[in-house]
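Engineer: Could you have a look at this structure, given as structure tokens, before my questions?
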Amino acid sequence: IIKEVSLLPVIVTIVFAVLQIKLNELLFFGFQRMDVNVATIILSSEVVFAALIGFVFFAETLSMTEVIGGLLILSASIVNAWEFKKTST
């Protein structure tokens with residue numbers, strides 16, 4: 001039985017939920033105004049940059065499998081962008 005509830009975690013949770021909703025609205029707003037290929041490249045690169053930020057700023061360690069996976073994602077994004085640029089010109 002919980003006898004007392006701190007107000008701070010409740011406020012943080014509500015703020016986080018509102019931020020998530022607003023960020024998703026911005027994401028959909030952007031998708032309506034850009035090419036699908038560009039959006040795919042951006043979304044797939046998000047995982048790689050999150051891993052890099054974790055490594056650089058939070059001293060996270062990456063296994064060899066994670067490094068190889070990130071390189072594969074990044075190279076697929078580059079190939080996709082290169083193919084899209086070649087077909088659009």
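Labels used: A, B, ... for chains in the order of the structure tokens, numbers from 1 for residues in each chain, and numbers from 1 for ligands as shown.
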Just want the 9 Å neighbourhood of range 46-49 of chain A, counted on only C-alpha atoms, with same-chain residues fewer than 2 positions away dropped. Output as a PyMOL selection string.
Structural biologist: chain A and resi 41-44+51-54+67+69-71+73-74
Engineer: Those residues with all heavy atoms, as an mmCIF file, in the first residue's frame please?
Structural biologist:
```
data_model
loop_
_atom_site.group_PDB
_atom_site.id
_atom_site.type_symbol
_atom_site.label_atom_id
_atom_site.label_comp_id
_atom_site.auth_asym_id
_atom_site.auth_seq_id
_atom_site.Cartn_x
_atom_site.Cartn_y
_atom_site.Cartn_z
ATOM 1 N N ILE A 41 15.876 7.559 -44.860
ATOM 2 C CA ILE A 41 17.295 7.715 -44.525
ATOM 3 C C ILE A 41 17.444 8.351 -43.148
ATOM 4 O O ILE A 41 18.247 7.903 -42.320
ATOM 5 C CB ILE A 41 18.006 8.554 -45.601
ATOM 6 C CG1 ILE A 41 18.049 7.783 -46.903
ATOM 7 C CG2 ILE A 41 19.412 8.938 -45.159
ATOM 8 C CD1 ILE A 41 18.447 8.611 -48.088
ATOM 9 N N ILE A 42 16.660 9.366 -42.881
ATOM 10 C CA ILE A 42 16.747 10.054 -41.589
ATOM 11 C C ILE A 42 16.351 9.120 -40.452
ATOM 12 O O ILE A 42 17.027 9.043 -39.422
ATOM 13 C CB ILE A 42 15.877 11.324 -41.598
ATOM 14 C CG1 ILE A 42 16.487 12.362 -42.542
ATOM 15 C CG2 ILE A 42 15.748 11.906 -40.193
ATOM 16 C CD1 ILE A 42 15.605 13.551 -42.788
ATOM 17 N N LEU A 43 15.257 8.397 -40.622
ATOM 18 C CA LEU A 43 14.800 7.512 -39.551
ATOM 19 C C LEU A 43 15.754 6.357 -39.300
ATOM 20 O O LEU A 43 15.974 5.966 -38.158
ATOM 21 C CB LEU A 43 13.405 6.981 -39.861
ATOM 22 C CG LEU A 43 12.268 7.929 -39.568
ATOM 23 C CD1 LEU A 43 10.937 7.290 -39.932
ATOM 24 C CD2 LEU A 43 12.250 8.324 -38.110
ATOM 25 N N SER A 44 16.330 5.794 -40.355
ATOM 26 C CA SER A 44 17.251 4.682 -40.140
ATOM 27 C C SER A 44 18.564 5.158 -39.535
ATOM 28 O O SER A 44 19.221 4.420 -38.803
ATOM 29 C CB SER A 44 17.498 3.934 -41.446
ATOM 30 O OG SER A 44 18.104 4.774 -42.391
ATOM 31 N N ALA A 51 23.314 5.670 -30.810
ATOM 32 C CA ALA A 51 24.417 4.857 -30.284
ATOM 33 C C ALA A 51 25.693 5.685 -30.155
ATOM 34 O O ALA A 51 26.424 5.564 -29.158
ATOM 35 C CB ALA A 51 24.651 3.650 -31.187
ATOM 36 N N LEU A 52 25.957 6.541 -31.134
ATOM 37 C CA LEU A 52 27.149 7.394 -31.065
ATOM 38 C C LEU A 52 27.068 8.396 -29.913
ATOM 39 O O LEU A 52 28.058 8.631 -29.224
ATOM 40 C CB LEU A 52 27.338 8.143 -32.390
ATOM 41 C CG LEU A 52 27.872 7.321 -33.549
ATOM 42 C CD1 LEU A 52 27.889 8.151 -34.821
ATOM 43 C CD2 LEU A 52 29.242 6.781 -33.247
ATOM 44 N N ILE A 53 25.898 8.974 -29.712
ATOM 45 C CA ILE A 53 25.727 9.915 -28.596
ATOM 46 C C ILE A 53 25.913 9.198 -27.260
ATOM 47 O O ILE A 53 26.557 9.716 -26.344
ATOM 48 C CB ILE A 53 24.346 10.600 -28.683
ATOM 49 C CG1 ILE A 53 24.351 11.593 -29.841
ATOM 50 C CG2 ILE A 53 23.998 11.315 -27.373
ATOM 51 C CD1 ILE A 53 22.990 12.169 -30.158
ATOM 52 N N GLY A 54 25.371 7.990 -27.154
ATOM 53 C CA GLY A 54 25.565 7.211 -25.937
ATOM 54 C C GLY A 54 27.024 6.880 -25.699
ATOM 55 O O GLY A 54 27.516 6.908 -24.564
ATOM 56 N N VAL A 67 28.488 -2.371 -33.393
ATOM 57 C CA VAL A 67 29.264 -1.522 -34.296
ATOM 58 C C VAL A 67 29.039 -1.947 -35.748
ATOM 59 O O VAL A 67 28.794 -1.109 -36.625
ATOM 60 C CB VAL A 67 30.761 -1.570 -33.930
ATOM 61 C CG1 VAL A 67 31.607 -0.878 -34.996
ATOM 62 C CG2 VAL A 67 31.003 -0.938 -32.574
ATOM 63 N N GLY A 69 26.468 -3.610 -36.942
ATOM 64 C CA GLY A 69 25.082 -3.276 -37.287
ATOM 65 C C GLY A 69 24.912 -1.808 -37.605
ATOM 66 O O GLY A 69 24.226 -1.432 -38.565
ATOM 67 N N GLY A 70 25.541 -0.949 -36.828
ATOM 68 C CA GLY A 70 25.476 0.487 -37.089
ATOM 69 C C GLY A 70 26.120 0.856 -38.407
ATOM 70 O O GLY A 70 25.609 1.685 -39.155
ATOM 71 N N LEU A 71 27.260 0.228 -38.701
ATOM 72 C CA LEU A 71 27.919 0.487 -39.984
ATOM 73 C C LEU A 71 27.073 0.002 -41.152
ATOM 74 O O LEU A 71 27.022 0.656 -42.203
ATOM 75 C CB LEU A 71 29.295 -0.171 -40.007
ATOM 76 C CG LEU A 71 30.353 0.476 -39.104
ATOM 77 C CD1 LEU A 71 31.626 -0.355 -39.094
ATOM 78 C CD2 LEU A 71 30.632 1.895 -39.539
ATOM 79 N N ILE A 73 23.753 -0.191 -41.198
ATOM 80 C CA ILE A 73 22.636 0.755 -41.322
ATOM 81 C C ILE A 73 23.106 2.036 -42.006
ATOM 82 O O ILE A 73 22.447 2.556 -42.913
ATOM 83 C CB ILE A 73 22.026 1.064 -39.938
ATOM 84 C CG1 ILE A 73 21.317 -0.156 -39.385
ATOM 85 C CG2 ILE A 73 21.073 2.249 -40.013
ATOM 86 C CD1 ILE A 73 20.870 -0.009 -37.948
ATOM 87 N N LEU A 74 24.259 2.538 -41.569
ATOM 88 C CA LEU A 74 24.790 3.766 -42.147
ATOM 89 C C LEU A 74 25.140 3.583 -43.622
ATOM 90 O O LEU A 74 24.816 4.441 -44.455
ATOM 91 C CB LEU A 74 26.024 4.212 -41.363
ATOM 92 C CG LEU A 74 26.510 5.629 -41.590
ATOM 93 C CD1 LEU A 74 25.419 6.630 -41.253
ATOM 94 C CD2 LEU A 74 27.734 5.899 -40.762
#
```
Engineer: Report the residues of chain A whose backbone DSSP state falls under alpha helix (DSSP H), written as a PyMOL selection string.
Structural biologist: chain A and resi 7-32+36-58+64-88
Engineer: Please compute the CA of Glu66 in chain A-CA of Ala50 in chain A distance, one decimal, in Å.
Structural biologist: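 It comes out at 11.9 Å.
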Engineer: Work out how far CA of Val36 in chain A is from CA of Glu83 in chain A, in Å to one decimal.
Structural biologist: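 Spanning CA of Glu83 in chain A to CA of Val36 in chain A is a straight-line distance of 13.5 Å.
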Engineer: Grab the CA of Thr40 in chain A to CA of Glu25 in chain A distance for me, in Å with one decimal place.
Structural biologist: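 Distance between the two atoms: 17.1 Å.
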Engineer: I need the residue nearest Ser77 in chain A from this list: A:Val18, A:Asn37, A:Ile2, A:Leu23. Use only C-alpha atoms for the distance.
Structural biologist: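 Of all the options, A:Asn37 lies closest to Ser77 in chain A.
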Engineer: Measuring atom to atom with only C-alpha atoms, identify which of A:Val5, A:Ala81, A:Leu19, A:Leu72 is nearest to Val38 in chain A.
Structural biologist: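 That would be A:Ala81, the residue with the smallest distance to Val38 in chain A.
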Engineer: Nearest residue to Ala39 in chain A out of A:Glu60, A:Asn80, A:Ile21, A:Glu4, using only C-alpha atoms?
Structural biologist: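 Ranking A:Glu60, A:Asn80, A:Ile21, A:Glu4 by distance to Ala39 in chain A, first place goes to A:Asn80.
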